[in-house]
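Participant: This is the structure, below, for whatever I ask next.
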Amino acid sequence: MATSGRAFPLAGGVFPPALLLTGVLLTGCSSAGPGPAPTPDAASATSASRSPQATGSPSGPGPRTLAAACEVRLPAPWSSALAAGEVRTPPGERAVLSDAGPGWTAVQLTGSGRRRAALVEAGGGSPRTLLAFDDPVAHQLLAADYDGRRWAAFAVLEGRTLDSPWSLYVWDGTTGTARRLTHADRPGPLPRPVVSGGTVHWAQGVGDGEATVYAAPVAGGEPRAVHTGVMDTPFAAGGLLVWRESAGPTTRLSAVSLRGLRSAALPAPLAALRDLRSVVSDGTTWAWVAGETEPRLMVWRTGDARPTAVVTTSPAVDGMDQLRISGRLITWRTPETSYALDLGSLSYTRITPAYGYAQAGDGALAVAYSLGDAKADGSRSVIQVVDAGRLPALPGCGG
């Protein structure tokens with residue numbers, strides 16, 4: 001955590017270490033002033049298709065606004081697709097989901113006195129080891145990203161609390177070897193590497209409550225410092241790298257282009273936002289949590305007239321956190337379960353059993369949960385990954 005450096009105990013149950021990343025919130029950020037004002041960049045301009053449930057002018061494509069969504073039961077076609085997409089891991093090794101993308105899943109595998117980070121690619125075959133951990137008890141896979149061809153980047157927490165040191169590695173699929181890119185031992189945002197255009201991007205603490213965004217060539221070369229401030233974990237949003245940053249007594253969004261690493265202007269409705277949390281985007285659709293005592297899921301898409309509170313009712317908003325997005329799908333976790341929202345039908349559903357986790361991202365929808373008590377003998381961890389774009393629409397509010 002960039003501002004305090006306090007210890008945060010790891011979550012229990014079946015939630016993987018990676019789930020803790022998007023739950024790290026900025027607090028006490030008033031000690032730092034606002035960062036440099038962004039200048040427009042070509043990568044900041046994007047367009048998006050419209051949802052059929054959006055309201056707007058019937059005579060043209062003018063500004064549209066989403067409506068509130070309703071909750072529906074998980075439909076049988078979704079259950080069947082998820083069951084068919086179960087990730088098979090070697091017998092005797094317990095799998096924990098880290099991240100997933102088009103055709104790949106990053107997992108932590110533990111068994112027979114060892115623990116490793118591994119990559120499971122579509123089409124079957126044994127998991128490919130990214131790294132065998134030196135400490136099979138304390139070391140944990142935090143997050144991973146893969147370009148789908150050769151290069152992966154992943155972060156390993158080297159302790160049992162979230163203020164423990166961590167290391168970031170780059171893995172070369174051609175040689176099957178990993179090299180350590182950086183080691184972080186100062187308080188800062190937890191790493192969530194972004195691999196894009198032959199470059200890996202991340203942020204780490206540099207002292208005095210600040211963190212620096214870095215970029216380094218995956219094939220080797222010195223890291224480049226991009227920006228320093230009091231900030232949260234950066235994430236990819238289309239052609240942008242975006243993060244929340246202190247702006248005096250509040251927080252705001254800042255961005256650079258992934259291609260040129262130049263400051264990039266955000267759309268006006270987003271640039272004006274303050275103190276939002278758990279922000280995600282694919283570059284055209286943005287989602288975040290607003291409100292503390294009465295949380296609500298907000299959504300804004302390129303061309304919308306204004307952000308809309310799409311999910312506002314309990315229990316779906318209770319403790320809402322860890323938002324992820326892929327196309328029309330937005331997922332989030334609560335203390336009790338996980339949900340998926342379909343912007344096409346403007347409905348959402350509980351997508352996992354109790355204490356399960358779901359994440360949409362980069363064309364994939366992944367869920368993870370435990371059959372039986374996760375801490376008891378005989379329990380089994382289940383990881384299911386499907387092509388998000390091939391799922392049928394959830395039933396509508398009258399379905």
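Chain identifiers are assigned as A, B, and so on, following the order in which chains appear in the structure tokens; residues are numbered from 1 within each chain, and ligands are numbered from 1 in order of appearance.
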Near Arg73 in chain A, counting only C-alpha atoms, which residues have an atom at most 9 Å away, once you skip same-chain residues fewer than 6 positions from it, shown as a PyMOL selection string?
Facilitator: chain A and resi 348-351+394-395
Participant: With N, CA and C atoms retained, export the selected residues as an mmCIF file, in the first residue's frame.
Facilitator:
```
data_model
loop_
_atom_site.group_PDB
_atom_site.id
_atom_site.type_symbol
_atom_site.label_atom_id
_atom_site.label_comp_id
_atom_site.auth_asym_id
_atom_site.auth_seq_id
_atom_site.Cartn_x
_atom_site.Cartn_y
_atom_site.Cartn_z
ATOM 1 N N TYR A 348 -27.521 -9.246 -13.968
ATOM 2 C CA TYR A 348 -26.341 -9.819 -13.336
ATOM 3 C C TYR A 348 -26.735 -11.064 -12.569
ATOM 4 N N THR A 349 -25.731 -11.915 -12.267
ATOM 5 C CA THR A 349 -25.997 -13.197 -11.638
ATOM 6 C C THR A 349 -24.884 -13.571 -10.688
ATOM 7 N N ARG A 350 -25.213 -14.356 -9.675
ATOM 8 C CA ARG A 350 -24.187 -14.953 -8.816
ATOM 9 C C ARG A 350 -23.553 -16.086 -9.611
ATOM 10 N N ILE A 351 -22.257 -15.954 -9.845
ATOM 11 C CA ILE A 351 -21.616 -16.870 -10.783
ATOM 12 C C ILE A 351 -20.794 -17.948 -10.094
ATOM 13 N N LEU A 394 -27.063 -13.141 -20.721
ATOM 14 C CA LEU A 394 -27.876 -13.500 -19.559
ATOM 15 C C LEU A 394 -29.335 -13.147 -19.843
ATOM 16 N N PRO A 395 -30.276 -13.842 -19.192
ATOM 17 C CA PRO A 395 -31.675 -13.470 -19.356
ATOM 18 C C PRO A 395 -31.895 -12.014 -18.958
#
```
Participant: For Ser126 in chain A, work out the shell of residues within 9 Å, counting only C-alpha atoms and skipping chain neighbours fewer than 2 positions away, then give it as a PyMOL selection string.
Facilitator: chain A and resi 88-90+119-121+124+128
Participant: Could those residues be written to a file, using N, CA and C atoms, as a PDB file, in the first residue's frame?
Facilitator:
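The resulting selection-v5.pdb:
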```pdb
ATOM      1  N   ARG A  88      -7.697 -28.492 -16.037  1.00  0.00           N
ATOM      2  CA  ARG A  88      -7.186 -29.731 -15.447  1.00  0.00           C
ATOM      3  C   ARG A  88      -5.739 -29.535 -15.025  1.00  0.00           C
ATOM      4  N   THR A  89      -5.443 -29.864 -13.799  1.00  0.00           N
ATOM      5  CA  THR A  89      -4.077 -29.740 -13.284  1.00  0.00           C
ATOM      6  C   THR A  89      -3.591 -31.106 -12.818  1.00  0.00           C
ATOM      7  N   PRO A  90      -2.272 -31.287 -12.671  1.00  0.00           N
ATOM      8  CA  PRO A  90      -1.737 -32.605 -12.327  1.00  0.00           C
ATOM      9  C   PRO A  90      -2.281 -33.129 -11.008  1.00  0.00           C
ATOM     10  N   LEU A 119       1.814 -21.917 -16.140  1.00  0.00           N
ATOM     11  CA  LEU A 119       0.974 -21.405 -17.208  1.00  0.00           C
ATOM     12  C   LEU A 119       0.284 -22.575 -17.890  1.00  0.00           C
ATOM     13  N   VAL A 120      -1.051 -22.521 -17.922  1.00  0.00           N
ATOM     14  CA  VAL A 120      -1.840 -23.551 -18.591  1.00  0.00           C
ATOM     15  C   VAL A 120      -2.375 -22.936 -19.880  1.00  0.00           C
ATOM     16  N   GLU A 121      -1.991 -23.512 -21.014  1.00  0.00           N
ATOM     17  CA  GLU A 121      -2.421 -22.983 -22.295  1.00  0.00           C
ATOM     18  C   GLU A 121      -3.546 -23.826 -22.877  1.00  0.00           C
ATOM     19  N   GLY A 124      -4.890 -28.191 -24.086  1.00  0.00           N
ATOM     20  CA  GLY A 124      -4.387 -29.308 -23.304  1.00  0.00           C
ATOM     21  C   GLY A 124      -2.888 -29.230 -23.089  1.00  0.00           C
ATOM     22  N   ARG A 128       2.995 -25.412 -17.879  1.00  0.00           N
ATOM     23  CA  ARG A 128       4.402 -25.047 -18.049  1.00  0.00           C
ATOM     24  C   ARG A 128       4.862 -24.272 -16.824  1.00  0.00           C
TER      25      ARG A 128
END
```
Participant: If you count only C-alpha atoms, which residues fall within 7 Å of Ser257 in chain A, apart from same-chain ones fewer than 5 positions away, as a ChimeraX atom specification?
Facilitator: /A:43,239-241,262-264
Participant: Within 8 Å of range 325-329 of chain A, counting only C-alpha atoms, which residues qualify if same-chain residues fewer than 3 places away don't, as a VMD selection string?
Facilitator: chain A and resid 280 to 282 285 340 to 344 359 to 365 388 to 389
Participant: In terms of the shortest atom-to-atom distance over only C-alpha atoms, which of A:Val367, A:Leu190, A:Ala268, A:Met320 is closest to Val386 in chain A?
Facilitator: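 So, comparing all the options, the nearest one is A:Val367.
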Participant: Which residue, A:Ala237, A:Asp232, A:Thr199, A:Thr331, has the smallest gap to Gly220 in chain A when you use only C-alpha atoms?
Facilitator: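 That would be A:Thr199, the residue with the smallest distance to Gly220 in chain A.
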Participant: Given only C-alpha atoms as the basis, pick out the residue of A:Pro335, A:Glu210, A:Pro267, A:Ala84 nearest to Gly303 in chain A.
Facilitator: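 When distances to Gly303 in chain A are compared using only C-alpha atoms, the smallest one comes from A:Pro267.
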Participant: Of the candidates A:Ala67, A:Val289, A:Val242, A:Leu141, which shows the shortest atom-to-atom distance to Gly159 in chain A, using only C-alpha atoms?
Facilitator: A:Leu141
Participant: Run DSSP on the backbone and tell me which residues of range 163-320 of chain A come out as strand (DSSP E); list them as JSON, numbers by chain.
Facilitator: {"A": [166, 167, 168, 169, 170, 171, 172, 177, 178, 179, 180, 181, 182, 183, 184, 194, 195, 196, 199, 200, 201, 202, 203, 204, 205, 206, 207, 210, 211, 212, 213, 214, 215, 216, 217, 224, 225, 226, 227, 228, 229, 235, 236, 237, 240, 241, 242, 243, 244, 245, 246, 247, 250, 251, 252, 253, 254, 255, 256, 257, 277, 278, 279, 280, 281, 285, 286, 287, 288, 289, 290, 296, 297, 298, 299, 300, 301, 308, 309, 310, 311]}
Participant: Just C-alpha atoms for this one: save the residues we selected as an mmCIF file, in the first residue's frame.
Facilitator:
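After the write, out_21.cif holds the following:
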```cif
data_model
loop_
_atom_site.group_PDB
_atom_site.id
_atom_site.type_symbol
_atom_site.label_atom_id
_atom_site.label_comp_id
_atom_site.auth_asym_id
_atom_site.auth_seq_id
_atom_site.Cartn_x
_atom_site.Cartn_y
_atom_site.Cartn_z
ATOM 1 C CA TRP A 166 8.021 -9.166 -3.698
ATOM 2 C CA SER A 167 9.846 -9.880 -6.941
ATOM 3 C CA LEU A 168 8.774 -9.412 -10.542
ATOM 4 C CA TYR A 169 9.911 -11.942 -13.145
ATOM 5 C CA VAL A 170 9.855 -12.173 -16.939
ATOM 6 C CA TRP A 171 9.452 -15.616 -18.497
ATOM 7 C CA ASP A 172 10.577 -16.522 -22.008
ATOM 8 C CA THR A 177 13.340 -19.792 -18.283
ATOM 9 C CA ALA A 178 12.523 -16.858 -16.015
ATOM 10 C CA ARG A 179 14.691 -13.944 -14.927
ATOM 11 C CA ARG A 180 14.056 -11.577 -12.058
ATOM 12 C CA LEU A 181 13.355 -8.077 -13.323
ATOM 13 C CA THR A 182 13.070 -6.258 -10.008
ATOM 14 C CA HIS A 183 12.840 -6.791 -6.257
ATOM 15 C CA ALA A 184 10.678 -4.517 -4.097
ATOM 16 C CA VAL A 194 0.974 -5.452 -17.842
ATOM 17 C CA VAL A 195 2.676 -6.977 -20.892
ATOM 18 C CA SER A 196 2.043 -4.944 -24.041
ATOM 19 C CA THR A 199 7.224 -4.157 -22.773
ATOM 20 C CA VAL A 200 6.273 -4.994 -19.199
ATOM 21 C CA HIS A 201 4.785 -2.217 -17.041
ATOM 22 C CA TRP A 202 4.414 -2.113 -13.265
ATOM 23 C CA ALA A 203 4.658 0.162 -10.217
ATOM 24 C CA GLN A 204 6.605 -0.208 -6.986
ATOM 25 C CA GLY A 205 7.251 1.826 -3.871
ATOM 26 C CA VAL A 206 10.265 4.144 -3.839
ATOM 27 C CA GLY A 207 9.957 5.614 -0.322
ATOM 28 C CA GLU A 210 5.420 7.347 -3.197
ATOM 29 C CA ALA A 211 5.638 4.811 -6.003
ATOM 30 C CA THR A 212 7.057 4.904 -9.516
ATOM 31 C CA VAL A 213 5.547 3.453 -12.683
ATOM 32 C CA TYR A 214 8.223 1.584 -14.654
ATOM 33 C CA ALA A 215 8.457 0.099 -18.136
ATOM 34 C CA ALA A 216 11.087 -2.378 -19.311
ATOM 35 C CA PRO A 217 11.610 -4.396 -22.528
ATOM 36 C CA ARG A 224 12.457 3.304 -17.571
ATOM 37 C CA ALA A 225 10.845 5.429 -14.861
ATOM 38 C CA VAL A 226 7.590 6.808 -16.273
ATOM 39 C CA HIS A 227 5.901 8.649 -13.390
ATOM 40 C CA THR A 228 6.236 9.028 -9.617
ATOM 41 C CA GLY A 229 3.496 9.908 -7.147
ATOM 42 C CA PHE A 235 -3.932 -1.336 -15.055
ATOM 43 C CA ALA A 236 -4.334 -1.538 -18.831
ATOM 44 C CA ALA A 237 -7.340 0.189 -20.384
ATOM 45 C CA LEU A 240 -3.689 3.330 -21.939
ATOM 46 C CA LEU A 241 -1.992 2.513 -18.659
ATOM 47 C CA VAL A 242 -4.164 4.009 -15.904
ATOM 48 C CA TRP A 243 -3.875 4.421 -12.133
ATOM 49 C CA ARG A 244 -5.483 6.278 -9.235
ATOM 50 C CA GLU A 245 -3.323 9.018 -7.789
ATOM 51 C CA SER A 246 -3.405 11.510 -4.948
ATOM 52 C CA ALA A 247 -4.664 14.951 -5.951
ATOM 53 C CA THR A 250 -8.756 13.523 -2.996
ATOM 54 C CA THR A 251 -7.748 10.953 -5.607
ATOM 55 C CA ARG A 252 -8.147 11.064 -9.379
ATOM 56 C CA LEU A 253 -7.286 8.992 -12.431
ATOM 57 C CA SER A 254 -4.050 9.499 -14.380
ATOM 58 C CA ALA A 255 -2.906 7.797 -17.574
ATOM 59 C CA VAL A 256 -0.116 7.362 -20.098
ATOM 60 C CA SER A 257 -0.253 5.755 -23.511
ATOM 61 C CA ARG A 277 -12.294 2.902 -6.148
ATOM 62 C CA SER A 278 -11.745 -0.510 -7.721
ATOM 63 C CA VAL A 279 -11.596 1.013 -11.214
ATOM 64 C CA VAL A 280 -11.415 -1.223 -14.310
ATOM 65 C CA SER A 281 -11.664 -0.627 -18.038
ATOM 66 C CA THR A 285 -16.176 0.652 -20.978
ATOM 67 C CA TRP A 286 -15.229 1.852 -17.504
ATOM 68 C CA ALA A 287 -16.556 0.551 -14.185
ATOM 69 C CA TRP A 288 -15.890 1.491 -10.579
ATOM 70 C CA VAL A 289 -17.364 1.472 -7.087
ATOM 71 C CA ALA A 290 -18.775 4.724 -5.747
ATOM 72 C CA ARG A 296 -22.976 1.214 -6.111
ATOM 73 C CA LEU A 297 -21.449 -0.115 -9.305
ATOM 74 C CA MET A 298 -20.972 2.724 -11.771
ATOM 75 C CA VAL A 299 -20.487 2.230 -15.513
ATOM 76 C CA TRP A 300 -19.537 4.656 -18.273
ATOM 77 C CA ARG A 301 -18.913 3.831 -21.927
ATOM 78 C CA THR A 308 -24.802 5.283 -14.532
ATOM 79 C CA ALA A 309 -25.346 3.446 -11.249
ATOM 80 C CA VAL A 310 -26.035 0.010 -12.740
ATOM 81 C CA VAL A 311 -26.039 -2.161 -9.594
#
```
Participant: Between CA of Leu97 in chain A and CA of Ser345 in chain A, what is the distance in Å, rounded to a tenth?
Facilitator: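 About the pair CA of Leu97 in chain A and CA of Ser345 in chain A: they are 27.9 Å apart.
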Participant: Find, counting only C-alpha atoms, the residue in A:Glu292, A:Asp304, A:Asp373, A:Asp208 that gets nearest to Gly319 in chain A.
Facilitator: A:Glu292
Participant: In Å, rounded to a single decimal, give me how far CA of Ala272 in chain A is from CA of Pro249 in chain A.
Facilitator: 14.7 Å
Participant: For CA of Cys70 in chain A and CA of Arg274 in chain A, determine how far apart the two atoms are, in Å to one decimal place.
Facilitator: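 Pair CA of Cys70 in chain A / CA of Arg274 in chain A returns 26.9 Å.
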Participant: For Asp145 in chain A, which residue among A:Glu86, A:Glu158, A:Glu93, A:Asp99 is the nearest when counting only C-alpha atoms?
Facilitator: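 Among the listed residues, A:Asp99 lies closest to Asp145 in chain A.
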